[in-house]
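*Asks:* Below you will find the structure I want to go over with you.
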Amino acid sequence: MSIVIPASVRSFLAEPAVADPPRRNRRDWVLVTAISVGAVLEAFLRTDDGWTDFPVGWRLASLVMFFVAVPPAILVRRTRPLLATLWGFTPTIAFGVVAALWVGAFGGLNLVAVILIVPYALFRWGSGRDAALGALVMIGAGIFGNLSDPGGIGDWIGGFIVLGIPVEAGLLVRYRNNVRARMIEDAKSREREQLARELHDTVAHHVSAIAVQAQAGQAMAANDPQRAVEILAVIEQAATTTLNEMRTMVGSLRSGTDGDLAPQQGVVDLPRLAAGAAGALRIDVEIADELGHLTPTVDSAVYRIAQESITNAVRHARRAQRVDVRVEPVGDLVRVTVTDDGEGSDQPGGQGYGLLGMAERTHLLGGQFVAGPVTPRGWRVRADLPRLEVAS
């Protein structure tokens with residue numbers, strides 16, 4: 001008889017551990033120090049019957065067990081979550097079971113409950129298989145604990161609910177971060193595909209021109225040495241091959257979608273973009289006269305950055321009345337700056353995928369990108385792109 005494992009369970013078990021989890025830091029040591037001091041104070045100052053009825057030797061043993069199990073588990077919980085679970089839960093529950101059998105009472109330090117940090121870390125950073133193994137350890141610990149300290153069904157249910165809270169928290173945080181990571185990668189991928197298409201439309205034009213010139217050169221070289229004709233033939237073949245290979249490459253980047261064959265928009269289209277923007281915002285565009293001619297890729301990038309920035313201002317800038325768009329040369333760079341006068345910081349900032357796409361496009365072209373609030377009010381986006389001029 002075969003066991004059918006649901007697809008969702010198989011997917012969870014195949015989940016890899018989180019790459020590069022946060023390492024041990026100063027806050028971990030502060031936490032370990034605080035709980036260690038708290039454990040010592042509880043061991044010597046606690047006065048309830050459940051603790052004082054415990055023999056002195058077992059009370060000291062409980063304190064020793066705490067130091068053996070809890071601080072090490074907390075320190076390695078991110079990088080070795082399964083080991084932290086085994087290390088933290090096994091001696092803790094073993095001590096409770098032995099105490100119940102030997103002394104006749106299930107007791108220990110209340111502060112040992114801090115070990116519940118470990119299940120959160122296991123399901124937050126561990127792999128699916130590690131989480132499954134750790135879950136078996138925790139379930140076993142819960143069962144042995146309830147058997148050693150008999151109670152009603154309510155104690156069983158309450159204990160497993162408490163144990164499940166950090167597990168659910170770890171899963172929720174992990175799912176949220178995974179979704180955000182996928183959205184970031186999708187935003188980068190879309191921007192790369194857009195840039196690849198624009199590069200194709202630009203470079204393909206020049207490569208096609210090379211092929212045409214090579215053909216013309218062959219015709220004009222009738223009276224020249226044979227070597228010149230052979231060189232022109234090589235140029236034609238190389239240009240044609242390059243064009244075909246580039247089309248194949250860009251086609252794969254598009255994931256099977258058809259490219260947009262419309263001409264790419266650039267700096268000269270910014271006034272029309274501003275005039276057609278939705279909303280009641282006044283959008284002023286200033287293009288420096290000395291800007292000169294830009295390569296099509298940079299020209300299109302300036303337009304896209306201004307377009308996304310204006311869209312963000314229309315959507316997110318509270319009570320904004322004006323947006324200023326300025327494009328100017330700065331040394332070997334062309335700088336596009338978009339500033340609004342909205343109140344507060346309602347722009348998406350580091351959480352915005354539009355801003356992420358603009359930054360990705362700028363960095364791919366070798367430029368620099370910054371965005372953030374300005375004083376006394378408003379939001380500014382600025383991108384510096386290599387100012388590569390072409391002959392007019």
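Ligands are numbered from 1 in the order shown, chains are lettered A, B, ... in the order of the structure tokens, and residues start at 1 in each chain.
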Quick one: residues within 8 Å of segment 289-291 of chain A, only C-alpha atoms, excluding same-chain residues fewer than 5 positions away - as a VMD selection string?
*Replies:* chain A and resid 327 to 329 334
*Asks:* Can you tell me which residues surround segment 180-192 of chain A at a distance of at most 8 Å, considering only C-alpha atoms, apart from same-chain residues fewer than 6 positions away, and format the answer as a list in words?
*Replies:* Tyr353, Gly354, Leu356, Gly357, Met358, Glu360 and Arg361 of chain A
*Asks:* Give me a file of those residues, with N, CA and C atoms, as a PDB file, in the first residue's frame.
*Replies:*
```pdb
ATOM      1  N   TYR A 353       8.125  48.992  -5.923  1.00  0.00           N
ATOM      2  CA  TYR A 353       8.725  48.220  -6.986  1.00  0.00           C
ATOM      3  C   TYR A 353       8.958  49.070  -8.226  1.00  0.00           C
ATOM      4  N   GLY A 354       8.225  50.168  -8.358  1.00  0.00           N
ATOM      5  CA  GLY A 354       8.531  51.109  -9.431  1.00  0.00           C
ATOM      6  C   GLY A 354       9.897  51.745  -9.235  1.00  0.00           C
ATOM      7  N   LEU A 356      12.275  50.435  -7.519  1.00  0.00           N
ATOM      8  CA  LEU A 356      13.234  49.357  -7.698  1.00  0.00           C
ATOM      9  C   LEU A 356      13.551  49.163  -9.177  1.00  0.00           C
ATOM     10  N   GLY A 357      12.533  49.221 -10.016  1.00  0.00           N
ATOM     11  CA  GLY A 357      12.756  49.088 -11.452  1.00  0.00           C
ATOM     12  C   GLY A 357      13.593  50.223 -12.007  1.00  0.00           C
ATOM     13  N   MET A 358      13.326  51.460 -11.555  1.00  0.00           N
ATOM     14  CA  MET A 358      14.133  52.593 -12.009  1.00  0.00           C
ATOM     15  C   MET A 358      15.587  52.440 -11.595  1.00  0.00           C
ATOM     16  N   GLU A 360      17.142  49.627 -10.968  1.00  0.00           N
ATOM     17  CA  GLU A 360      17.731  48.531 -11.728  1.00  0.00           C
ATOM     18  C   GLU A 360      18.136  48.998 -13.121  1.00  0.00           C
ATOM     19  N   ARG A 361      17.275  49.754 -13.772  1.00  0.00           N
ATOM     20  CA  ARG A 361      17.575  50.260 -15.118  1.00  0.00           C
ATOM     21  C   ARG A 361      18.794  51.172 -15.079  1.00  0.00           C
TER      22      ARG A 361
END
```
*Asks:* So that I can see what lies close to Arg322 of chain A, please list as a ChimeraX atom specification the residues with an atom at most 12 Å from it, counting only C-alpha atoms and leaving out residues fewer than 3 positions away in the same chain.
*Replies:* /A:274,279-285,310,313-314,317-319,325,338-343,377-379
*Asks:* Measure the distance from atom CA of Ala132 of chain A to atom CA of Pro81 of chain A in Å and round it to one decimal.
*Replies:*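 Interatomic distance here is 11.8 Å.
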*Asks:* Neighbouring residues of Gly367 of chain A were defined as those with any atom within 10 Å, considering only C-alpha atoms; residues of the same chain fewer than 6 positions away were excluded. Please report them as number ranges by chain.
*Replies:* A: 333-335, 359-361, 383-387
*Asks:* Just write the chosen residues, all heavy atoms, as a PDB file, in the first residue's frame.
*Replies:*
```pdb
ATOM      1  N   LEU A 333      27.730  63.044 -17.592  1.00  0.00           N
ATOM      2  CA  LEU A 333      26.464  62.394 -17.259  1.00  0.00           C
ATOM      3  C   LEU A 333      25.292  63.232 -17.726  1.00  0.00           C
ATOM      4  O   LEU A 333      25.414  64.453 -17.942  1.00  0.00           O
ATOM      5  CB  LEU A 333      26.357  62.181 -15.745  1.00  0.00           C
ATOM      6  CG  LEU A 333      27.481  61.400 -15.058  1.00  0.00           C
ATOM      7  CD1 LEU A 333      27.292  61.449 -13.550  1.00  0.00           C
ATOM      8  CD2 LEU A 333      27.505  59.954 -15.539  1.00  0.00           C
ATOM      9  N   VAL A 334      24.141  62.586 -17.867  1.00  0.00           N
ATOM     10  CA  VAL A 334      22.883  63.298 -18.027  1.00  0.00           C
ATOM     11  C   VAL A 334      22.072  63.019 -16.767  1.00  0.00           C
ATOM     12  O   VAL A 334      21.935  61.878 -16.342  1.00  0.00           O
ATOM     13  CB  VAL A 334      22.125  62.855 -19.296  1.00  0.00           C
ATOM     14  CG1 VAL A 334      21.872  61.361 -19.307  1.00  0.00           C
ATOM     15  CG2 VAL A 334      20.799  63.601 -19.399  1.00  0.00           C
ATOM     16  N   ARG A 335      21.569  64.064 -16.156  1.00  0.00           N
ATOM     17  CA  ARG A 335      20.849  63.939 -14.884  1.00  0.00           C
ATOM     18  C   ARG A 335      19.371  64.246 -15.109  1.00  0.00           C
ATOM     19  O   ARG A 335      19.015  65.284 -15.678  1.00  0.00           O
ATOM     20  CB  ARG A 335      21.412  64.905 -13.849  1.00  0.00           C
ATOM     21  CG  ARG A 335      20.612  64.981 -12.548  1.00  0.00           C
ATOM     22  CD  ARG A 335      21.334  65.804 -11.505  1.00  0.00           C
ATOM     23  NE  ARG A 335      22.564  65.119 -11.077  1.00  0.00           N
ATOM     24  CZ  ARG A 335      23.458  65.669 -10.253  1.00  0.00           C
ATOM     25  NH1 ARG A 335      23.271  66.903  -9.789  1.00  0.00           N
ATOM     26  NH2 ARG A 335      24.528  65.003  -9.904  1.00  0.00           N
ATOM     27  N   ALA A 359      15.794  52.008 -10.348  1.00  0.00           N
ATOM     28  CA  ALA A 359      17.162  51.811  -9.870  1.00  0.00           C
ATOM     29  C   ALA A 359      17.857  50.714 -10.667  1.00  0.00           C
ATOM     30  O   ALA A 359      19.040  50.843 -11.028  1.00  0.00           O
ATOM     31  CB  ALA A 359      17.151  51.466  -8.382  1.00  0.00           C
ATOM     32  N   GLU A 360      17.142  49.627 -10.968  1.00  0.00           N
ATOM     33  CA  GLU A 360      17.731  48.531 -11.728  1.00  0.00           C
ATOM     34  C   GLU A 360      18.136  48.998 -13.121  1.00  0.00           C
ATOM     35  O   GLU A 360      19.227  48.696 -13.605  1.00  0.00           O
ATOM     36  CB  GLU A 360      16.723  47.385 -11.819  1.00  0.00           C
ATOM     37  CG  GLU A 360      17.221  46.166 -12.564  1.00  0.00           C
ATOM     38  CD  GLU A 360      18.235  45.367 -11.776  1.00  0.00           C
ATOM     39  OE1 GLU A 360      18.479  45.689 -10.596  1.00  0.00           O
ATOM     40  OE2 GLU A 360      18.811  44.423 -12.356  1.00  0.00           O
ATOM     41  N   ARG A 361      17.275  49.754 -13.772  1.00  0.00           N
ATOM     42  CA  ARG A 361      17.575  50.260 -15.118  1.00  0.00           C
ATOM     43  C   ARG A 361      18.794  51.172 -15.079  1.00  0.00           C
ATOM     44  O   ARG A 361      19.700  51.069 -15.916  1.00  0.00           O
ATOM     45  CB  ARG A 361      16.367  51.023 -15.662  1.00  0.00           C
ATOM     46  CG  ARG A 361      16.607  51.689 -17.014  1.00  0.00           C
ATOM     47  CD  ARG A 361      15.381  52.485 -17.426  1.00  0.00           C
ATOM     48  NE  ARG A 361      14.305  51.592 -17.808  1.00  0.00           N
ATOM     49  CZ  ARG A 361      14.030  51.249 -19.061  1.00  0.00           C
ATOM     50  NH1 ARG A 361      14.786  51.683 -20.047  1.00  0.00           N
ATOM     51  NH2 ARG A 361      13.027  50.449 -19.322  1.00  0.00           N
ATOM     52  N   ALA A 383      18.411  60.481 -11.121  1.00  0.00           N
ATOM     53  CA  ALA A 383      19.205  59.441 -11.782  1.00  0.00           C
ATOM     54  C   ALA A 383      20.273  60.110 -12.622  1.00  0.00           C
ATOM     55  O   ALA A 383      19.985  61.042 -13.381  1.00  0.00           O
ATOM     56  CB  ALA A 383      18.317  58.550 -12.641  1.00  0.00           C
ATOM     57  N   ASP A 384      21.497  59.651 -12.467  1.00  0.00           N
ATOM     58  CA  ASP A 384      22.625  60.116 -13.274  1.00  0.00           C
ATOM     59  C   ASP A 384      23.037  58.986 -14.197  1.00  0.00           C
ATOM     60  O   ASP A 384      23.465  57.916 -13.752  1.00  0.00           O
ATOM     61  CB  ASP A 384      23.799  60.518 -12.381  1.00  0.00           C
ATOM     62  CG  ASP A 384      23.496  61.768 -11.561  1.00  0.00           C
ATOM     63  OD1 ASP A 384      22.676  62.572 -12.012  1.00  0.00           O
ATOM     64  OD2 ASP A 384      24.089  61.915 -10.471  1.00  0.00           O
ATOM     65  N   LEU A 385      22.921  59.220 -15.505  1.00  0.00           N
ATOM     66  CA  LEU A 385      23.221  58.200 -16.512  1.00  0.00           C
ATOM     67  C   LEU A 385      24.427  58.649 -17.348  1.00  0.00           C
ATOM     68  O   LEU A 385      24.629  59.857 -17.550  1.00  0.00           O
ATOM     69  CB  LEU A 385      22.021  57.988 -17.420  1.00  0.00           C
ATOM     70  CG  LEU A 385      20.754  57.481 -16.731  1.00  0.00           C
ATOM     71  CD1 LEU A 385      19.550  57.651 -17.655  1.00  0.00           C
ATOM     72  CD2 LEU A 385      20.914  56.027 -16.341  1.00  0.00           C
ATOM     73  N   PRO A 386      25.215  57.698 -17.841  1.00  0.00           N
ATOM     74  CA  PRO A 386      26.348  58.076 -18.717  1.00  0.00           C
ATOM     75  C   PRO A 386      25.860  58.870 -19.905  1.00  0.00           C
ATOM     76  O   PRO A 386      24.955  58.442 -20.632  1.00  0.00           O
ATOM     77  CB  PRO A 386      26.918  56.715 -19.133  1.00  0.00           C
ATOM     78  CG  PRO A 386      26.486  55.764 -18.073  1.00  0.00           C
ATOM     79  CD  PRO A 386      25.147  56.260 -17.621  1.00  0.00           C
ATOM     80  N   ARG A 387      26.436  60.039 -20.095  1.00  0.00           N
ATOM     81  CA  ARG A 387      25.998  60.936 -21.184  1.00  0.00           C
ATOM     82  C   ARG A 387      26.831  60.652 -22.421  1.00  0.00           C
ATOM     83  O   ARG A 387      27.859  61.299 -22.674  1.00  0.00           O
ATOM     84  CB  ARG A 387      26.166  62.398 -20.758  1.00  0.00           C
ATOM     85  CG  ARG A 387      25.633  63.398 -21.772  1.00  0.00           C
ATOM     86  CD  ARG A 387      25.665  64.802 -21.180  1.00  0.00           C
ATOM     87  NE  ARG A 387      25.236  65.779 -22.135  1.00  0.00           N
ATOM     88  CZ  ARG A 387      26.052  66.551 -22.864  1.00  0.00           C
ATOM     89  NH1 ARG A 387      27.349  66.439 -22.701  1.00  0.00           N
ATOM     90  NH2 ARG A 387      25.574  67.417 -23.724  1.00  0.00           N
TER      91      ARG A 387
END
```
*Asks:* May I have the residues within 12 Å of Arg59 of chain A as a compact mmCIF listing (two decimals) with all heavy atoms, in the first residue's frame, using only C-alpha atoms and disregarding those fewer than 5 positions away in the same chain?
*Replies:*
```txt
# COMPACT_ATOMS: atom_id res chain seq x y z
N ALA A 39 17.38 33.75 34.91
CA ALA A 39 17.31 32.37 35.41
C ALA A 39 17.93 32.25 36.79
O ALA A 39 17.39 31.56 37.67
CB ALA A 39 18.02 31.44 34.42
N VAL A 40 19.06 32.91 37.00
CA VAL A 40 19.71 32.87 38.32
C VAL A 40 18.82 33.50 39.38
O VAL A 40 18.63 32.97 40.48
CB VAL A 40 21.08 33.57 38.27
CG1 VAL A 40 21.68 33.69 39.67
CG2 VAL A 40 22.03 32.79 37.36
N GLU A 42 15.55 33.84 39.28
CA GLU A 42 14.38 33.00 39.53
C GLU A 42 14.75 31.80 40.40
O GLU A 42 14.00 31.42 41.31
CB GLU A 42 13.80 32.50 38.20
CG GLU A 42 12.56 31.63 38.40
CD GLU A 42 12.01 31.05 37.10
OE1 GLU A 42 12.52 31.42 36.02
OE2 GLU A 42 11.08 30.22 37.17
N ALA A 43 15.90 31.20 40.15
CA ALA A 43 16.30 30.01 40.90
C ALA A 43 16.46 30.31 42.39
O ALA A 43 16.12 29.47 43.23
CB ALA A 43 17.60 29.45 40.33
N PHE A 44 16.94 31.49 42.74
CA PHE A 44 17.22 31.79 44.15
C PHE A 44 16.15 32.65 44.82
O PHE A 44 16.10 32.71 46.04
CB PHE A 44 18.58 32.50 44.26
CG PHE A 44 19.74 31.59 43.98
CD1 PHE A 44 20.35 31.59 42.74
CD2 PHE A 44 20.21 30.71 44.95
CE1 PHE A 44 21.41 30.74 42.46
CE2 PHE A 44 21.26 29.86 44.69
CZ PHE A 44 21.88 29.87 43.44
N LEU A 45 15.30 33.30 44.04
CA LEU A 45 14.32 34.21 44.66
C LEU A 45 12.88 33.72 44.51
O LEU A 45 11.99 34.27 45.17
CB LEU A 45 14.44 35.60 44.03
CG LEU A 45 15.80 36.30 44.16
CD1 LEU A 45 15.76 37.67 43.50
CD2 LEU A 45 16.19 36.43 45.64
N ARG A 46 12.64 32.72 43.71
CA ARG A 46 11.27 32.25 43.50
C ARG A 46 10.76 31.55 44.77
O ARG A 46 11.49 30.76 45.39
CB ARG A 46 11.26 31.27 42.32
CG ARG A 46 9.89 30.77 41.93
CD ARG A 46 10.01 29.96 40.67
NE ARG A 46 8.86 29.11 40.43
CZ ARG A 46 8.77 28.18 39.49
NH1 ARG A 46 9.81 27.99 38.69
NH2 ARG A 46 7.68 27.45 39.35
N GLY A 50 5.20 25.35 44.02
CA GLY A 50 5.65 24.44 42.98
C GLY A 50 7.16 24.42 42.83
O GLY A 50 7.72 23.45 42.30
N TRP A 51 7.83 25.46 43.32
CA TRP A 51 9.29 25.52 43.23
C TRP A 51 9.96 25.16 44.55
O TRP A 51 10.92 24.40 44.58
CB TRP A 51 9.71 26.91 42.78
CG TRP A 51 11.20 27.12 42.69
CD1 TRP A 51 11.99 27.87 43.50
CD2 TRP A 51 12.09 26.54 41.72
NE1 TRP A 51 13.29 27.82 43.12
CE2 TRP A 51 13.39 27.01 42.01
CE3 TRP A 51 11.93 25.69 40.63
CZ2 TRP A 51 14.51 26.64 41.27
CZ3 TRP A 51 13.03 25.32 39.88
CH2 TRP A 51 14.30 25.79 40.20
N THR A 52 9.44 25.69 45.63
CA THR A 52 10.08 25.44 46.93
C THR A 52 9.90 23.99 47.39
O THR A 52 10.70 23.48 48.17
CB THR A 52 9.51 26.39 48.00
OG1 THR A 52 8.09 26.25 48.04
CG2 THR A 52 9.87 27.83 47.67
N ASP A 53 8.84 23.31 46.90
CA ASP A 53 8.66 21.91 47.26
C ASP A 53 9.67 21.02 46.54
O ASP A 53 9.86 19.86 46.91
CB ASP A 53 7.24 21.45 46.91
CG ASP A 53 6.21 22.08 47.84
OD1 ASP A 53 6.61 22.59 48.89
OD2 ASP A 53 5.01 22.06 47.49
N PHE A 54 10.28 21.56 45.53
CA PHE A 54 11.29 20.83 44.80
C PHE A 54 12.55 20.73 45.65
O PHE A 54 12.97 21.73 46.26
CB PHE A 54 11.59 21.59 43.50
CG PHE A 54 11.68 20.73 42.28
CD1 PHE A 54 10.75 19.73 42.03
CD2 PHE A 54 12.68 20.92 41.35
CE1 PHE A 54 10.83 18.95 40.91
CE2 PHE A 54 12.76 20.15 40.21
CZ PHE A 54 11.84 19.16 39.99
N VAL A 64 21.25 24.38 36.09
CA VAL A 64 22.33 23.90 35.22
C VAL A 64 21.76 23.47 33.86
O VAL A 64 22.33 23.78 32.80
CB VAL A 64 23.08 22.73 35.89
CG1 VAL A 64 24.06 22.10 34.90
CG2 VAL A 64 23.81 23.22 37.13
N MET A 65 20.64 22.74 33.89
CA MET A 65 20.01 22.30 32.65
C MET A 65 19.64 23.50 31.79
O MET A 65 19.78 23.48 30.55
CB MET A 65 18.77 21.47 32.97
CG MET A 65 18.07 20.88 31.74
SD MET A 65 16.96 22.04 30.90
CE MET A 65 15.89 22.51 32.25
N PHE A 66 19.17 24.57 32.41
CA PHE A 66 18.80 25.77 31.67
C PHE A 66 19.99 26.31 30.89
O PHE A 66 19.89 26.61 29.69
CB PHE A 66 18.26 26.83 32.64
CG PHE A 66 17.92 28.14 31.97
CD1 PHE A 66 16.64 28.36 31.49
CD2 PHE A 66 18.86 29.15 31.83
CE1 PHE A 66 16.32 29.56 30.87
CE2 PHE A 66 18.55 30.34 31.21
CZ PHE A 66 17.27 30.55 30.73
N PHE A 95 14.84 16.36 31.32
CA PHE A 95 14.94 16.73 32.73
C PHE A 95 13.57 16.69 33.39
O PHE A 95 13.42 16.21 34.52
CB PHE A 95 15.54 18.12 32.87
CG PHE A 95 15.61 18.61 34.29
CD1 PHE A 95 16.67 18.25 35.10
CD2 PHE A 95 14.62 19.43 34.81
CE1 PHE A 95 16.74 18.70 36.42
CE2 PHE A 95 14.67 19.88 36.11
CZ PHE A 95 15.74 19.51 36.93
N GLY A 96 12.55 17.20 32.68
CA GLY A 96 11.22 17.19 33.26
C GLY A 96 10.70 15.79 33.50
O GLY A 96 10.09 15.50 34.54
N ALA A 99 12.69 14.21 36.42
CA ALA A 99 12.25 14.81 37.68
C ALA A 99 10.91 14.26 38.11
O ALA A 99 10.67 13.98 39.29
CB ALA A 99 12.19 16.33 37.54
N VAL A 103 11.45 12.46 41.46
CA VAL A 103 11.01 13.29 42.59
C VAL A 103 9.50 13.22 42.77
O VAL A 103 8.97 13.49 43.83
CB VAL A 103 11.48 14.74 42.39
CG1 VAL A 103 11.13 15.60 43.59
CG2 VAL A 103 12.99 14.79 42.14
N ALA A 105 7.43 15.08 40.97
CA ALA A 105 6.86 16.39 40.62
C ALA A 105 7.53 16.89 39.34
O ALA A 105 8.74 16.78 39.18
CB ALA A 105 7.04 17.40 41.75
N PHE A 106 6.72 17.42 38.44
CA PHE A 106 7.24 17.97 37.19
C PHE A 106 7.45 19.46 37.42
O PHE A 106 6.50 20.23 37.47
CB PHE A 106 6.25 17.74 36.05
CG PHE A 106 6.78 18.12 34.70
CD1 PHE A 106 7.43 17.18 33.92
CD2 PHE A 106 6.64 19.40 34.22
CE1 PHE A 106 7.92 17.52 32.66
CE2 PHE A 106 7.14 19.75 32.98
CZ PHE A 106 7.77 18.81 32.20
N GLY A 107 8.68 19.86 37.57
CA GLY A 107 8.94 21.27 37.86
C GLY A 107 10.20 21.74 37.20
O GLY A 107 11.03 20.96 36.74
N GLY A 108 10.38 23.02 37.17
CA GLY A 108 11.56 23.62 36.57
C GLY A 108 11.41 25.11 36.52
O GLY A 108 10.42 25.68 36.99
N LEU A 109 12.39 25.78 35.95
CA LEU A 109 12.35 27.23 35.84
C LEU A 109 11.29 27.66 34.82
O LEU A 109 11.21 27.11 33.72
CB LEU A 109 13.71 27.76 35.40
CG LEU A 109 14.87 27.57 36.40
CD1 LEU A 109 16.18 27.97 35.75
CD2 LEU A 109 14.63 28.38 37.66
N ASN A 110 10.50 28.64 35.21
CA ASN A 110 9.51 29.16 34.27
C ASN A 110 10.17 29.83 33.07
O ASN A 110 9.63 29.85 31.97
CB ASN A 110 8.59 30.17 34.98
CG ASN A 110 7.68 29.50 36.00
OD1 ASN A 110 7.27 28.35 35.83
ND2 ASN A 110 7.38 30.21 37.08
```
*Asks:* Using only C-alpha atoms, find the one residue out of A:Phe144, A:Tyr175, A:Trp156, A:Tyr120 that sits nearest to Leu101 of chain A.
*Replies:*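 Closest candidate: A:Phe144.
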*Asks:* Report the distance between atom CA of Leu31 of chain A and atom CA of Arg124 of chain A in Å, rounded to one decimal place.
*Replies:*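 Atom-to-atom, atom CA of Leu31 of chain A to atom CA of Arg124 of chain A, that is 18.8 Å.
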*Asks:* Could you list, as a PyMOL selection string, every residue within 12 Å of segment 140-142 of chain A, counting only C-alpha atoms and ignoring same-chain residues fewer than 5 positions away?
*Replies:* chain A and resi 85-86+88-97+133-135+147-150+155-164
*Asks:* What is the atom CA of Val30 of chain A to atom CA of Gly57 of chain A distance in Å?
*Replies:* 28.8 Å
*Asks:* Distance table requested - segment 294-384 of chain A against segment 269-273 of chain A, cut-off 9 Å, only C-alpha atoms: one row per qualifying residue with the closest atom pair and its distance in Å to one decimal, ordered by chain and rising residue number, as a Markdown table.
*Replies:*
```
| residue | atom | partner | partner_atom | distance |
| --- | --- | --- | --- | --- |
| A:Tyr303 | CA | A:Leu270 | CA | 6.6 |
| A:Ala306 | CA | A:Leu270 | CA | 7.8 |
| A:Gln307 | CA | A:Leu273 | CA | 7.3 |
| A:Val325 | CA | A:Leu270 | CA | 8.7 |
```
*Asks:* Using only C-alpha atoms, can you tell me which of A:Pro119, A:Pro373, A:Pro166, A:Gly276 comes closest to Ala131 of chain A?
*Replies:*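 Using only C-alpha atoms, Ala131 of chain A sits closest to A:Pro119.
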